[in-house]
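Text of the file structure.cif, holding mmCIF, C-alpha atoms:
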data_upload
#
loop_
_atom_site.label_atom_id
_atom_site.label_comp_id
_atom_site.auth_asym_id
_atom_site.auth_seq_id
_atom_site.Cartn_x
_atom_site.Cartn_y
_atom_site.Cartn_z
CA MET A 283 0.00 0.00 0.00
CA TRP A 284 0.99 3.64 -0.05
CA TYR A 285 1.10 6.36 2.60
CA TYR A 286 0.53 10.00 1.76
CA GLU A 287 2.87 12.57 3.24
CA LYS A 288 1.62 16.14 3.59
CA LYS A 289 4.58 17.77 1.88
CA LEU A 290 5.98 18.28 -1.62
CA GLN A 291 9.19 16.50 -2.53
CA TYR A 292 10.74 19.88 -3.44
CA PRO A 293 9.33 23.41 -2.92
CA VAL A 294 7.09 24.86 -5.65
CA LYS A 295 6.76 28.64 -5.75
CA VAL A 296 5.41 30.82 -8.53
CA SER A 297 6.21 34.45 -9.30
CA GLU A 298 2.79 35.43 -10.65
CA CYS A 299 -0.42 34.18 -12.24
CA ASN A 300 0.63 32.78 -15.64
CA PRO A 301 -1.96 30.53 -17.33
CA ARG A 302 0.08 30.33 -20.55
CA LEU A 303 2.95 28.64 -18.72
CA ALA A 304 0.42 26.36 -17.00
CA LYS A 305 -0.87 25.31 -20.42
CA TYR A 306 2.62 24.13 -21.38
CA LEU A 307 3.17 22.40 -18.02
CA ILE A 308 0.07 20.25 -18.57
CA GLU A 309 2.28 18.27 -21.00
CA GLN A 310 4.13 16.89 -17.98
CA TYR A 311 0.86 16.20 -16.14
CA GLY A 312 -1.16 14.17 -18.65
CA GLY A 313 1.13 13.97 -21.69
CA ALA A 314 2.80 10.90 -23.22
CA ASP A 315 6.10 11.42 -21.39
CA GLY A 316 4.58 13.12 -18.35
CA GLU A 317 4.65 12.12 -14.71
CA LEU A 318 1.33 10.24 -14.72
CA SER A 319 2.53 8.07 -17.60
CA ALA A 320 5.81 7.47 -15.80
CA ALA A 321 4.25 6.43 -12.48
CA LEU A 322 1.70 4.12 -14.08
CA ARG A 323 4.21 2.64 -16.53
CA TYR A 324 6.75 1.58 -13.87
CA LEU A 325 4.30 0.44 -11.21
CA ASN A 326 2.49 -1.69 -13.80
CA GLN A 327 5.69 -3.26 -15.14
CA ARG A 328 6.76 -4.30 -11.61
CA TYR A 329 4.69 -7.45 -11.55
CA THR A 330 6.48 -9.24 -14.37
CA ILE A 331 10.01 -7.81 -14.17
CA PRO A 332 12.74 -10.04 -12.57
CA ASP A 333 13.00 -9.76 -8.76
CA LYS A 334 16.43 -8.09 -8.96
CA VAL A 335 14.94 -4.88 -10.38
CA VAL A 336 11.40 -4.86 -8.92
CA GLY A 337 12.54 -2.60 -6.06
CA LEU A 338 13.90 0.00 -8.46
CA LEU A 339 10.69 0.13 -10.53
CA ASN A 340 8.65 0.29 -7.34
CA ASP A 341 10.66 3.18 -5.90
CA ILE A 342 11.01 5.23 -9.08
CA GLY A 343 7.29 4.72 -9.78
CA THR A 344 6.53 5.99 -6.30
CA GLU A 345 8.78 9.04 -6.73
CA GLU A 346 6.93 9.86 -9.98
CA PHE A 347 3.74 10.43 -7.99
CA ALA A 348 5.62 13.04 -5.95
CA HIS A 349 6.63 14.69 -9.23
CA LEU A 350 3.03 14.55 -10.47
CA GLU A 351 2.00 16.42 -7.34
CA MET A 352 4.69 19.08 -7.94
CA ILE A 353 3.48 19.63 -11.52
CA ALA A 354 -0.13 19.80 -10.31
CA THR A 355 0.90 22.38 -7.72
CA MET A 356 2.58 24.50 -10.38
CA ILE A 357 -0.48 24.39 -12.66
CA TYR A 358 -2.84 25.09 -9.75
CA LYS A 359 -0.83 28.06 -8.46
CA LEU A 360 -0.31 29.52 -11.94
CA THR A 361 -4.04 29.44 -12.80
CA LYS A 362 -6.02 29.76 -9.55
CA ASP A 363 -6.36 33.56 -9.77
CA ALA A 364 -6.80 33.76 -13.55
CA THR A 365 -10.02 35.28 -14.87
CA PRO A 366 -11.90 33.50 -17.69
CA GLU A 367 -10.62 36.23 -20.02
CA GLN A 368 -7.01 35.54 -19.02
CA LEU A 369 -7.55 31.80 -19.57
CA VAL A 370 -8.98 32.46 -23.05
CA GLU A 371 -6.05 34.73 -23.85
CA ALA A 372 -3.63 31.98 -22.81
CA GLY A 373 -5.30 29.46 -25.11
CA LEU A 374 -7.13 27.73 -22.24
CA GLY A 375 -10.64 28.76 -23.36
CA PRO A 376 -11.51 25.19 -24.47
CA HIS A 377 -10.19 23.93 -21.12
CA PHE A 378 -12.23 26.49 -19.18
CA VAL A 379 -15.57 25.63 -20.78
CA ASN A 380 -15.10 21.95 -19.92
CA HIS A 381 -13.21 22.09 -16.60
CA ASP A 382 -13.33 25.64 -15.16
CA HIS A 383 -10.11 25.92 -13.07
CA ALA A 384 -9.92 22.17 -12.44
CA LEU A 385 -6.90 20.15 -13.48
CA TYR A 386 -7.36 17.45 -16.08
CA TYR A 387 -5.11 14.65 -17.31
CA GLN A 388 -4.39 15.87 -20.82
CA ASN A 389 -1.39 17.07 -22.79
CA ALA A 390 -0.53 20.66 -23.71
CA ALA A 391 -2.62 20.37 -26.88
CA GLY A 392 -5.69 19.17 -24.94
CA SER A 393 -5.65 15.44 -25.83
CA PRO A 394 -6.74 13.35 -22.84
CA TRP A 395 -4.30 10.91 -21.24
CA THR A 396 -4.43 7.44 -22.73
CA ALA A 397 -2.95 4.06 -21.73
CA THR A 398 -1.55 3.83 -25.28
CA TYR A 399 1.22 6.17 -24.01
CA ILE A 400 2.69 3.33 -21.94
CA GLN A 401 3.78 -0.21 -22.69
CA ALA A 402 4.24 -3.41 -20.71
CA LYS A 403 5.90 -5.95 -22.96
CA GLY A 404 6.66 -8.65 -20.40
CA ASP A 405 10.21 -8.67 -21.78
CA PRO A 406 12.49 -7.07 -19.15
CA ILE A 407 15.00 -5.58 -21.60
CA ALA A 408 12.23 -4.16 -23.79
CA ASP A 409 10.48 -2.69 -20.74
CA LEU A 410 13.63 -1.15 -19.28
CA TYR A 411 14.65 0.38 -22.61
CA GLU A 412 11.20 1.92 -22.86
CA ASP A 413 11.70 3.30 -19.35
CA ILE A 414 15.09 4.79 -20.26
CA ALA A 415 13.57 6.38 -23.38
CA ALA A 416 10.68 7.76 -21.30
CA GLU A 417 13.09 9.40 -18.85
CA GLU A 418 15.13 10.97 -21.66
CA LYS A 419 11.98 12.27 -23.39
CA ALA A 420 10.73 13.74 -20.11
CA ARG A 421 14.13 15.37 -19.54
CA ALA A 422 13.95 16.93 -23.01
CA THR A 423 10.39 18.18 -22.39
CA TYR A 424 11.48 19.80 -19.12
CA GLN A 425 14.30 21.52 -21.00
CA TRP A 426 11.95 22.89 -23.68
CA ILE A 427 9.59 24.22 -21.00
CA ILE A 428 12.47 25.85 -19.11
CA ASP A 429 13.59 27.43 -22.41
CA ILE A 430 10.25 29.22 -22.88
CA SER A 431 9.50 29.99 -19.21
CA ASP A 432 10.59 33.26 -17.63
CA ASP A 433 9.39 32.43 -14.11
CA PRO A 434 12.55 31.94 -12.00
CA TRP A 435 10.73 30.06 -9.21
CA ILE A 436 9.06 27.64 -11.61
CA ASN A 437 12.36 27.16 -13.44
CA ASP A 438 14.06 26.26 -10.16
CA SER A 439 11.51 23.48 -9.54
CA LEU A 440 11.64 22.35 -13.19
CA LYS A 441 15.42 22.05 -13.03
CA PHE A 442 15.07 19.78 -10.00
CA LEU A 443 12.64 17.59 -11.96
CA ARG A 444 14.89 17.61 -15.04
CA GLU A 445 17.79 16.33 -12.92
CA ARG A 446 15.62 13.56 -11.47
CA GLU A 447 14.94 12.29 -15.01
CA ILE A 448 18.70 11.98 -15.53
CA VAL A 449 19.17 10.04 -12.28
CA HIS A 450 16.26 7.71 -13.09
CA SER A 451 17.67 7.07 -16.56
CA GLN A 452 21.06 6.18 -15.04
CA ARG A 453 19.46 3.81 -12.54
CA PHE A 454 17.49 2.09 -15.33
CA HIS A 455 20.73 1.69 -17.31
CA GLU A 456 22.22 -0.03 -14.23
CA ALA A 457 19.16 -2.27 -14.01
CA VAL A 458 19.76 -3.40 -17.62
CA GLU A 459 23.35 -4.28 -16.70
CA ILE A 460 22.20 -6.20 -13.61
CA LEU A 461 19.85 -8.30 -15.77
CA LYS A 462 22.53 -8.89 -18.42
CA GLU A 463 24.96 -10.11 -15.74
CA GLU A 464 22.37 -12.48 -14.39
CA ARG A 465 21.58 -13.79 -17.87
CA ASP A 466 25.29 -14.38 -18.63
CA ARG A 467 25.82 -16.13 -15.28
CA LYS A 468 23.04 -18.59 -16.08
CA LYS A 469 24.75 -19.55 -19.35
CA VAL A 470 27.78 -20.89 -17.44
CA PHE A 471 25.80 -23.83 -16.09
CA MET B 174 -12.07 27.21 -3.78
CA THR B 175 -9.34 27.42 -1.21
CA GLN B 176 -7.21 30.25 0.01
CA GLN B 177 -3.46 30.33 -0.13
CA LYS B 178 -2.24 30.04 3.47
CA GLN B 179 0.53 32.25 4.80
CA MET B 180 2.35 30.11 7.32
CA PRO B 181 5.02 31.37 9.75
CA ASP B 182 8.64 31.41 8.55
CA SER B 183 9.48 28.52 10.86
CA TYR B 184 7.03 26.32 8.92
CA TYR B 185 8.90 26.87 5.64
CA GLN B 186 12.33 26.56 7.25
CA LEU B 187 11.56 23.30 9.03
CA LEU B 188 9.77 21.92 5.96
CA GLU B 189 12.77 22.70 3.78
CA GLN B 190 15.08 20.89 6.22
CA ILE B 191 12.79 17.86 6.02
CA GLN B 192 12.68 18.07 2.22
CA ALA B 193 16.48 18.20 2.12
CA VAL B 194 17.07 15.15 4.30
CA ASP B 195 14.22 13.22 2.67
CA PHE B 196 15.76 13.95 -0.72
CA VAL B 197 18.96 12.30 0.50
CA LEU B 198 16.83 9.29 1.46
CA VAL B 199 15.11 9.10 -1.95
CA GLU B 200 18.43 9.38 -3.75
CA LEU B 201 20.12 6.75 -1.54
CA THR B 202 17.13 4.42 -1.87
CA LEU B 203 17.34 4.38 -5.67
CA TYR B 204 21.14 4.09 -5.52
CA LEU B 205 20.98 1.16 -3.10
CA ASP B 206 18.39 -0.58 -5.27
CA THR B 207 21.19 -1.06 -7.82
CA HIS B 208 24.19 -1.04 -5.39
CA PRO B 209 22.95 -3.16 -2.45
CA ASP B 210 26.46 -3.97 -1.14
CA ASP B 211 27.63 -0.38 -0.55
CA LEU B 212 28.07 -0.31 3.23
CA ASP B 213 29.00 3.39 3.39
CA ALA B 214 25.82 4.29 1.53
CA ILE B 215 23.74 2.18 3.92
CA LYS B 216 25.34 3.94 6.90
CA GLN B 217 24.50 7.31 5.33
CA PHE B 218 20.99 6.05 4.69
CA ASN B 219 20.40 5.02 8.30
CA GLN B 220 21.86 8.29 9.59
CA ALA B 221 19.57 10.32 7.29
CA ALA B 222 16.57 8.18 8.27
CA TYR B 223 17.29 9.03 11.92
CA GLU B 224 17.63 12.76 11.17
CA SER B 225 14.38 12.71 9.16
CA ARG B 226 12.49 11.20 12.10
CA GLN B 227 13.88 13.79 14.52
CA LEU B 228 12.96 16.69 12.21
CA LYS B 229 9.47 15.33 11.59
CA ASN B 230 8.82 14.92 15.33
CA THR B 231 9.69 18.60 15.81
CA PHE B 232 7.58 19.68 12.82
CA GLU B 233 4.53 17.63 13.83
CA LYS B 234 4.51 19.06 17.36
CA GLN B 235 4.13 22.56 15.89
CA PHE B 236 2.16 22.03 12.69
CA GLY B 237 0.29 18.74 13.00
CA PRO B 238 0.71 15.31 11.42
CA LEU B 239 2.61 14.84 8.16
CA MET B 240 1.27 11.34 7.57
CA GLN B 241 -1.79 9.36 8.52
CA PHE B 242 -3.29 5.87 8.57
CA GLY B 243 -1.41 5.73 11.88
CA GLN B 244 2.01 6.78 10.61
CA SER B 245 1.72 9.96 12.74
CA PHE B 246 0.06 10.43 16.13
CA SER B 247 -3.07 12.60 16.30
CA ASN B 248 -3.85 15.68 18.35
CA TYR B 249 -7.35 16.43 19.66
CA PRO B 250 -9.51 17.20 17.77
CA TRP B 251 -8.49 15.22 14.70
CA ASP B 252 -6.30 17.65 12.75
CA TRP B 253 -5.01 15.56 9.86
CA LYS B 254 -7.72 16.92 7.55
CA GLU B 255 -6.88 20.53 8.32
CA ALA B 256 -5.37 22.84 5.71
CA PRO B 257 -2.88 23.76 4.54
CA TRP B 258 -2.28 21.03 2.01
CA PRO B 259 1.06 21.09 0.20
CA TRP B 260 -0.25 22.95 -2.86
CA GLN B 261 -1.78 25.66 -0.65
CA VAL B 262 1.42 26.98 0.91
#

Once more with this new file: its structure as structure tokens, please.
Amino acid sequence: MWYYEKKLQYPVKVSECNPRLAKYLIEQYGGADGELSAALRYLNQRYTIPDKVVGLLNDIGTEEFAHLEMIATMIYKLTKDATPEQLVEAGLGPHFVNHDHALYYQNAAGSPWTATYIQAKGDPIADLYEDIAAEEKARATYQWIIDISDDPWINDSLKFLREREIVHSQRFHEAVEILKEERDRKKVF
Amino acid sequence: MTQQKQMPDSYYQLLEQIQAVDFVLVELTLYLDTHPDDLDAIKQFNQAAYESRQLKNTFEKQFGPLMQFGQSFSNYPWDWKEAPWPWQV
């Protein structure tokens, strides 16, 4: 089971109401390479991955939910004081008429989250390579958002998240090596 | 709709200390998942786990429980459900 802790993994502050930046950040909330996809992908792959790397998938999947909460906090804080006119101006008119100020699992272009974003192949190498690719794509997305954001507080939190993608990718690379070693050891007998 | 809560400075300072030591614990957990024989890392992990518990005890006495389902003790009346939630501060 999981326990909730009443704190963010890393502080999230915003400089000012900025619904346009929130619109871009939704990509990391309900987009293909976003935090929801990441959490669900790893936690779902756990069941059929070899025991040696279950712990890693479990723990990275759990950390992704903390990242999802950070992204949600950014979007919430950037939009909570926006008027309908400001939302329309930021391109969030279609969002407003369907969801008001509520968050929704969709990408920056408004497509709802879908399980087709994630794969579970049952083949450990295939799954781990997908996970590595997902981390690298998320890292790139964070970089593109940082490049077009001028909010120094948001950028500080986004840089933290970008670095976490790098660490996760490195850990997944190590998991691949652990499985290769185990495979080669079995061949000896 | 909820209001943004302005908490005292000590809330943010203590919270940031907890976030810092808990980050060490997240990072060491993932590292140890792929390096389970690193004794120095395990010693660091146990030391950080101890520091985290101490900091959280101090925080919870002032600002209420951080966790529930029995992972934190309760005050009277039940204050787990009280704001602020993490996105409100």

Å distance separating atom CA of A:Ala397 from atom CA of A:Asp341, one decimal place: 20.9 Å

Nearest residue to chain B from the set A:His381, A:Lys469, A:Arg421, A:Lys362 (distances using all atoms listed in the file): A:Lys362

Distance-based interface of chain A with chain B, 8 Å, counting all atoms listed in the file, as a ChimeraX atom specification: /A:285-293,335,337-338,341-342,345,355,358-359,453,456-457,460

Expected selection from the PyMOL selection byres ((chain A and resi 312-314) around 8), given as number ranges by chain: A: 308-311, 315-319, 386-390, 394-395, 399-400

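The two atoms in question, atom CA of A:Ile430 and atom CA of A:Val370, are spaced 19.5 Å apart.
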
Picked residues, the PyMOL selection byres ((chain B and resi 222) around 12), expected as a ChimeraX atom specification: /B:191,193-199,201-202,215-221,223-229

Atomic distance atom CA of A:Tyr306 - atom CA of A:Ala416, expressed in Å with one decimal: 18.2 Å
